[in-house]
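This report refers to the structure that appears directly beneath it.
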Amino acid sequence: MKTKIKPVVALTSLIISASGYAAPTPSIDRNVLPIQQTADFRGQVGKSFDQSKSDYPQPIKAPEGAPNVVVIMLDDLGFGQAGRFGGLIPTPNIDKLAARGVTYNNFHTTGISSPTRAALLTGRNHHQVGFGTISELSTGFPGYNSIWPKSVASIAEVLKDNGYSTSAFGKWHNTPDWETSPIGPFQQWPTGLGFQHFYGFQGGETSQWEPQLFNDTTPVELSKKPKDGYQLNEDLVDNAIKWIDQQKSIDREKPYFTYFTPGAVHAPLHAPKEWIDKFKGKFDMGWDKYREDVFARQQKMGIIPQDTKLTARPKEIEAWDSLSSDQKKLYARHMEVFAGFLAYTDHEVGRLLDKIESMPDADNTMIMYIVGDNGASAEGSPTGTTNNMMTQNGVPDTVESQLKYIDELGNEKHENHYPVGWAWAGSTPFKWMKRVPSHFGGTRNGLVISWPAKIKNTGTIQSQFHHVVDITPTILEAAKLPAPTVVNGVKQKPMAGTSMMYTFNNPELKSHRTVQYFETGGHRAIYKDGWVAASFHGIPWQLSGSKGFKDSKWELYNVEKDFSEAVDLADKMPDKLQEMIKEFDKQAEINEVYPLDDRFAERVGDPERPSLTKGKTKFSYTANVTRIPEGSAPDVYQRDHRIDAYVDIPKGQQANGILLAMGGSSAGLSFYADSGKLVYGYNFFGKDYYTVKSNKAIPTGEVKLSAVYKQEPFRFLKDVNGGTVDLYINDEKVGSGKVEKVVPVRFSATETLDIGIDLGAPVMPAYREKAPFKFNGNIEKVDLEIAPTQPIVK
């Protein structure tokens, strides 16, 4: 008996099987993902194979002509830094891409890292994805919890389910801080959100010389060291090229989506010395003259309108001419290092662009290059710093201490970051910078889009107002795909973004984007029909305290006529201002922006945040435990703690190596054996190193090795005073000493707690040449006990 074959559905194409049997491709509904093919079995089933015809369900394919899509986004790059946008740092590879595509001078981000990435990848506003801030500052409200809702599937998930290969390289920073350890859970890692391959790092920043990387979800331990010439940018590009080659070699017809987001040029500002040296003396003119020169270049290039006004320097930033000679010397060198970092990054990303251009389907590859995820960063503080983590802990640096290391800036020994003045200059012609989404200096970023098959209006500058939420809708329209209504059984929130494809060959058309709100850290703004109302909420390098919101001041700008927001019309047009403020409140309610919160450091230790360690004071680790990020490690900061290591030292051997290390070269603590002696080492932001060493040698055989740290009382976020350390061998006291200063909040962004080895950048310079300094005995376990509370002076 033969199975009845149903009529072919109109509009379906035919697939000719190897047997010659013509089977219709089942009709598919791309609005519901994963796609369920609706047709029944259309072959025929007899009593045996020779009386039957098979009908395999076929893999889902992308729509005919769907392009490859590559999204590239740099980190912490201001509008006025890259050469393509008038900056004084050459970026020839961005220039080449712009010549093959179109440049946008009115494109916006959210003003800070994780929120921009969440909006980009979903087409929804950042609060709708739970990323009103970075995960490390998350709070227990829907717009701020950093828990990605199932109702906002990523563009990678949508493309994967529609027949694309998907990959992500570089910085992620959209996994909750408490879920970034090697045990997951992995639902909010790239591979849990639609990316079939991930090679990069979690967290907001990592060393370019000694990064903590993952291959999908497996930690990567690099065999190449800084002295061997390792650099993260090169590594990321190599892996991206390899992945693209593999995809197109195996299935040339299958389109791919690559999300390439290097940690550059976020601090630490790291670059090969030969790239830094290219800029020696180039910034001796200072940041005031830099802005004037860039402003003139931007006008000449047509990047900004001719009637644009250059905004004034905020009173909180010193004039370059008022600085001492030492300050000028140091600050100019900081900028040389940054310039080398950007130029080197452009070179490496250029290799990826060259690879894509060399592929047979290059013409049908859409490249979207976002030149910064927010404005230039002021996190280096007014003086700059040799240790970015130190300033983020609220600990200031000094010019004097930095000058000692001026020739080392940019290498693996430091987590250096330039001073605030250069961040302001890098935002030319706008006010302010990163973490200030109230003004365009925090949110205006360059964008270049190339797609030879579709964009014919090449080399031009487009001025339609657009936002990072428009990236996903643009990709969907380019791929001829609908925004799905249901993904994995969950109804999807409507897209907040608008496709930009209408602009590609029509620079004269008005923007389809008419309303967009901005908010992070209490800074607020609303754009509507060419007007902006803005509420600035404090200097972005002040990382503690709250101003409150009762006396918020609002400004008003007509950005159709005032490109740089230079003329505040609030006093002249109070009714228009009130209309705009009401619009902000409307958008804030829709997008779950409330409650506003302007705290920074105080939010790091939120006791309500999910945690693997919350409520625990005792921990026990075996020798197999490594790569525990700080978000999942015990809170030892300014807290009494005790370490007990149970080890077995082989006869005839002198004990050497790490027992427990937490942190890295930016800051941390290390408990180890060195030439047979027991050592407790503490790294205070690379500024001070404290070492307490035993007065007796560690015996062979089974041994208990202990360190007991006692914290002195302190004032939260004001003091960095430390405490005393006692060392014990088999419970016999063998040493005592003082740690004068300790880290108040966090050692690093991506460094980890490791047992028996110090992975990543070593905590103590004493064993840098021996790193990772694996322990040469057997470790049964290492116990760590912390005090339940910190001894704070009231």
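By order of appearance in the structure tokens: chains A, B, ..., then residues from 1 within every chain, and ligands from 1 in the order shown.
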Run DSSP on the backbone and tell me which residues of region 119-321 of chain A come out as strand (DSSP E); list them as a PyMOL selection string. chain A and resi 165-171+197-201+213-215+218-220+256-261
Where does region 543-611 of chain A meet region 133-144 of chain A within 7 Å, residue by residue, with the nearest atom pair and distance in Å to one decimal for each, counting only C-alpha atoms, listed by chain and rising number, as a tab-separated table?
```
residue	atom	partner	partner_atom	distance
A:Glu592	CA	A:Gly143	CA	5.2
A:Val593	CA	A:Gly143	CA	5.9
A:Phe600	CA	A:Leu137	CA	6.9
A:Arg603	CA	A:Leu137	CA	5.2
A:Val604	CA	A:Leu137	CA	5.2
A:Arg609	CA	A:Thr139	CA	6.7
```
Extract, using only C-alpha atoms, all DNA, RNA and protein residues at most 10 Å from Val294 (chain A), discarding same-chain residues fewer than 4 positions from it, and format them as a list in words.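 Once the adjacent positions are removed, what remains is Gly80, Gln81, Gly83, Phe85, Gly86, Gly87, Leu88, Lys289, Tyr290, Gln298, Gln299, Lys300, Ala425, Gly426, Ser427, Thr428 and Pro429 of chain A.
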What would the file look like if the residues just selected were written as a PDB file, in the first residue's frame with N, CA and C atoms?
```pdb
ATOM      1  N   GLY A  80      35.905  61.812  18.144  1.00  0.00           N
ATOM      2  CA  GLY A  80      36.985  62.594  17.562  1.00  0.00           C
ATOM      3  C   GLY A  80      38.362  61.984  17.703  1.00  0.00           C
ATOM      4  N   GLN A  81      38.462  60.650  17.701  1.00  0.00           N
ATOM      5  CA  GLN A  81      39.777  60.015  17.859  1.00  0.00           C
ATOM      6  C   GLN A  81      40.251  59.315  16.588  1.00  0.00           C
ATOM      7  N   GLY A  83      40.901  58.583  12.711  1.00  0.00           N
ATOM      8  CA  GLY A  83      41.165  59.454  11.583  1.00  0.00           C
ATOM      9  C   GLY A  83      39.975  59.651  10.669  1.00  0.00           C
ATOM     10  N   PHE A  85      36.995  60.057  11.346  1.00  0.00           N
ATOM     11  CA  PHE A  85      36.050  61.022  11.897  1.00  0.00           C
ATOM     12  C   PHE A  85      36.747  62.301  12.364  1.00  0.00           C
ATOM     13  N   GLY A  86      37.898  62.566  11.751  1.00  0.00           N
ATOM     14  CA  GLY A  86      38.607  63.814  12.000  1.00  0.00           C
ATOM     15  C   GLY A  86      39.673  63.737  13.063  1.00  0.00           C
ATOM     16  N   GLY A  87      39.799  62.602  13.733  1.00  0.00           N
ATOM     17  CA  GLY A  87      40.810  62.455  14.775  1.00  0.00           C
ATOM     18  C   GLY A  87      42.213  62.475  14.215  1.00  0.00           C
ATOM     19  N   LEU A  88      43.185  62.662  15.110  1.00  0.00           N
ATOM     20  CA  LEU A  88      44.580  62.773  14.692  1.00  0.00           C
ATOM     21  C   LEU A  88      45.321  61.438  14.721  1.00  0.00           C
ATOM     22  N   LYS A 289      44.511  72.197  22.240  1.00  0.00           N
ATOM     23  CA  LYS A 289      44.894  72.371  20.841  1.00  0.00           C
ATOM     24  C   LYS A 289      44.447  71.168  20.010  1.00  0.00           C
ATOM     25  N   TYR A 290      44.494  69.970  20.605  1.00  0.00           N
ATOM     26  CA  TYR A 290      44.009  68.775  19.904  1.00  0.00           C
ATOM     27  C   TYR A 290      42.571  69.000  19.447  1.00  0.00           C
ATOM     28  N   GLN A 298      37.423  67.963  11.066  1.00  0.00           N
ATOM     29  CA  GLN A 298      36.066  67.459  10.907  1.00  0.00           C
ATOM     30  C   GLN A 298      35.253  68.346   9.966  1.00  0.00           C
ATOM     31  N   GLN A 299      35.428  69.655  10.087  1.00  0.00           N
ATOM     32  CA  GLN A 299      34.728  70.570   9.181  1.00  0.00           C
ATOM     33  C   GLN A 299      35.223  70.405   7.742  1.00  0.00           C
ATOM     34  N   LYS A 300      36.529  70.313   7.590  1.00  0.00           N
ATOM     35  CA  LYS A 300      37.105  70.179   6.254  1.00  0.00           C
ATOM     36  C   LYS A 300      36.672  68.878   5.590  1.00  0.00           C
ATOM     37  N   ALA A 425      38.953  65.531  24.947  1.00  0.00           N
ATOM     38  CA  ALA A 425      39.444  65.891  23.615  1.00  0.00           C
ATOM     39  C   ALA A 425      39.003  64.869  22.577  1.00  0.00           C
ATOM     40  N   GLY A 426      38.981  63.595  22.974  1.00  0.00           N
ATOM     41  CA  GLY A 426      38.590  62.534  22.052  1.00  0.00           C
ATOM     42  C   GLY A 426      37.123  62.551  21.683  1.00  0.00           C
ATOM     43  N   SER A 427      36.329  63.367  22.384  1.00  0.00           N
ATOM     44  CA  SER A 427      34.900  63.462  22.095  1.00  0.00           C
ATOM     45  C   SER A 427      34.564  64.678  21.237  1.00  0.00           C
ATOM     46  N   THR A 428      35.566  65.341  20.687  1.00  0.00           N
ATOM     47  CA  THR A 428      35.361  66.522  19.842  1.00  0.00           C
ATOM     48  C   THR A 428      34.311  66.241  18.753  1.00  0.00           C
ATOM     49  N   PRO A 429      33.345  67.138  18.524  1.00  0.00           N
ATOM     50  CA  PRO A 429      33.186  68.484  19.087  1.00  0.00           C
ATOM     51  C   PRO A 429      32.216  68.549  20.259  1.00  0.00           C
TER      52      PRO A 429
END
```
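CA of Thr752 (chain A) sits 20.0 Å away from CA of Lys687 (chain A).
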Smallest atom-to-atom distance to His466 (chain A): which of A:Glu630, A:Glu608, A:Glu412, A:Asp529, using only C-alpha atoms?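 Looking at the shortest contact to His466 (chain A), the residue is A:Asp529.
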For a quick check of understanding, using only C-alpha atoms, which of A:Val725, A:Leu159, A:Ala667, A:Val129 has the smallest distance to Lys480 (chain A)?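 Comparing A:Val725, A:Leu159, A:Ala667, A:Val129 against Lys480 (chain A), the winner is A:Leu159.
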Taking only C-alpha atoms into account, which of A:Ser52, A:Gln790, A:Gln516, A:Ser666 comes nearest Glu205 (chain A)? A:Ser666
Need the shell around Thr789 (chain A): protein/DNA/RNA residues with any atom at most 8 Å away, counting only C-alpha atoms. Skip same-chain ones fewer than 2 positions apart. Format as an NGL selection string? :A and (639 or 787 or 791)
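For the pair CA of Gly302 (chain A) and CA of Ile461 (chain A), the separation is 7.7 Å.
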Who sits within 9 Å of Val349 (chain A), only C-alpha atoms, same chain under 3 positions skipped, as a list in words: Ile72, Asn93, Ile94, Asn233, Glu234, Val237, Tyr344, Thr345, Asp346, Leu352, Leu353 and Asp354 of chain A
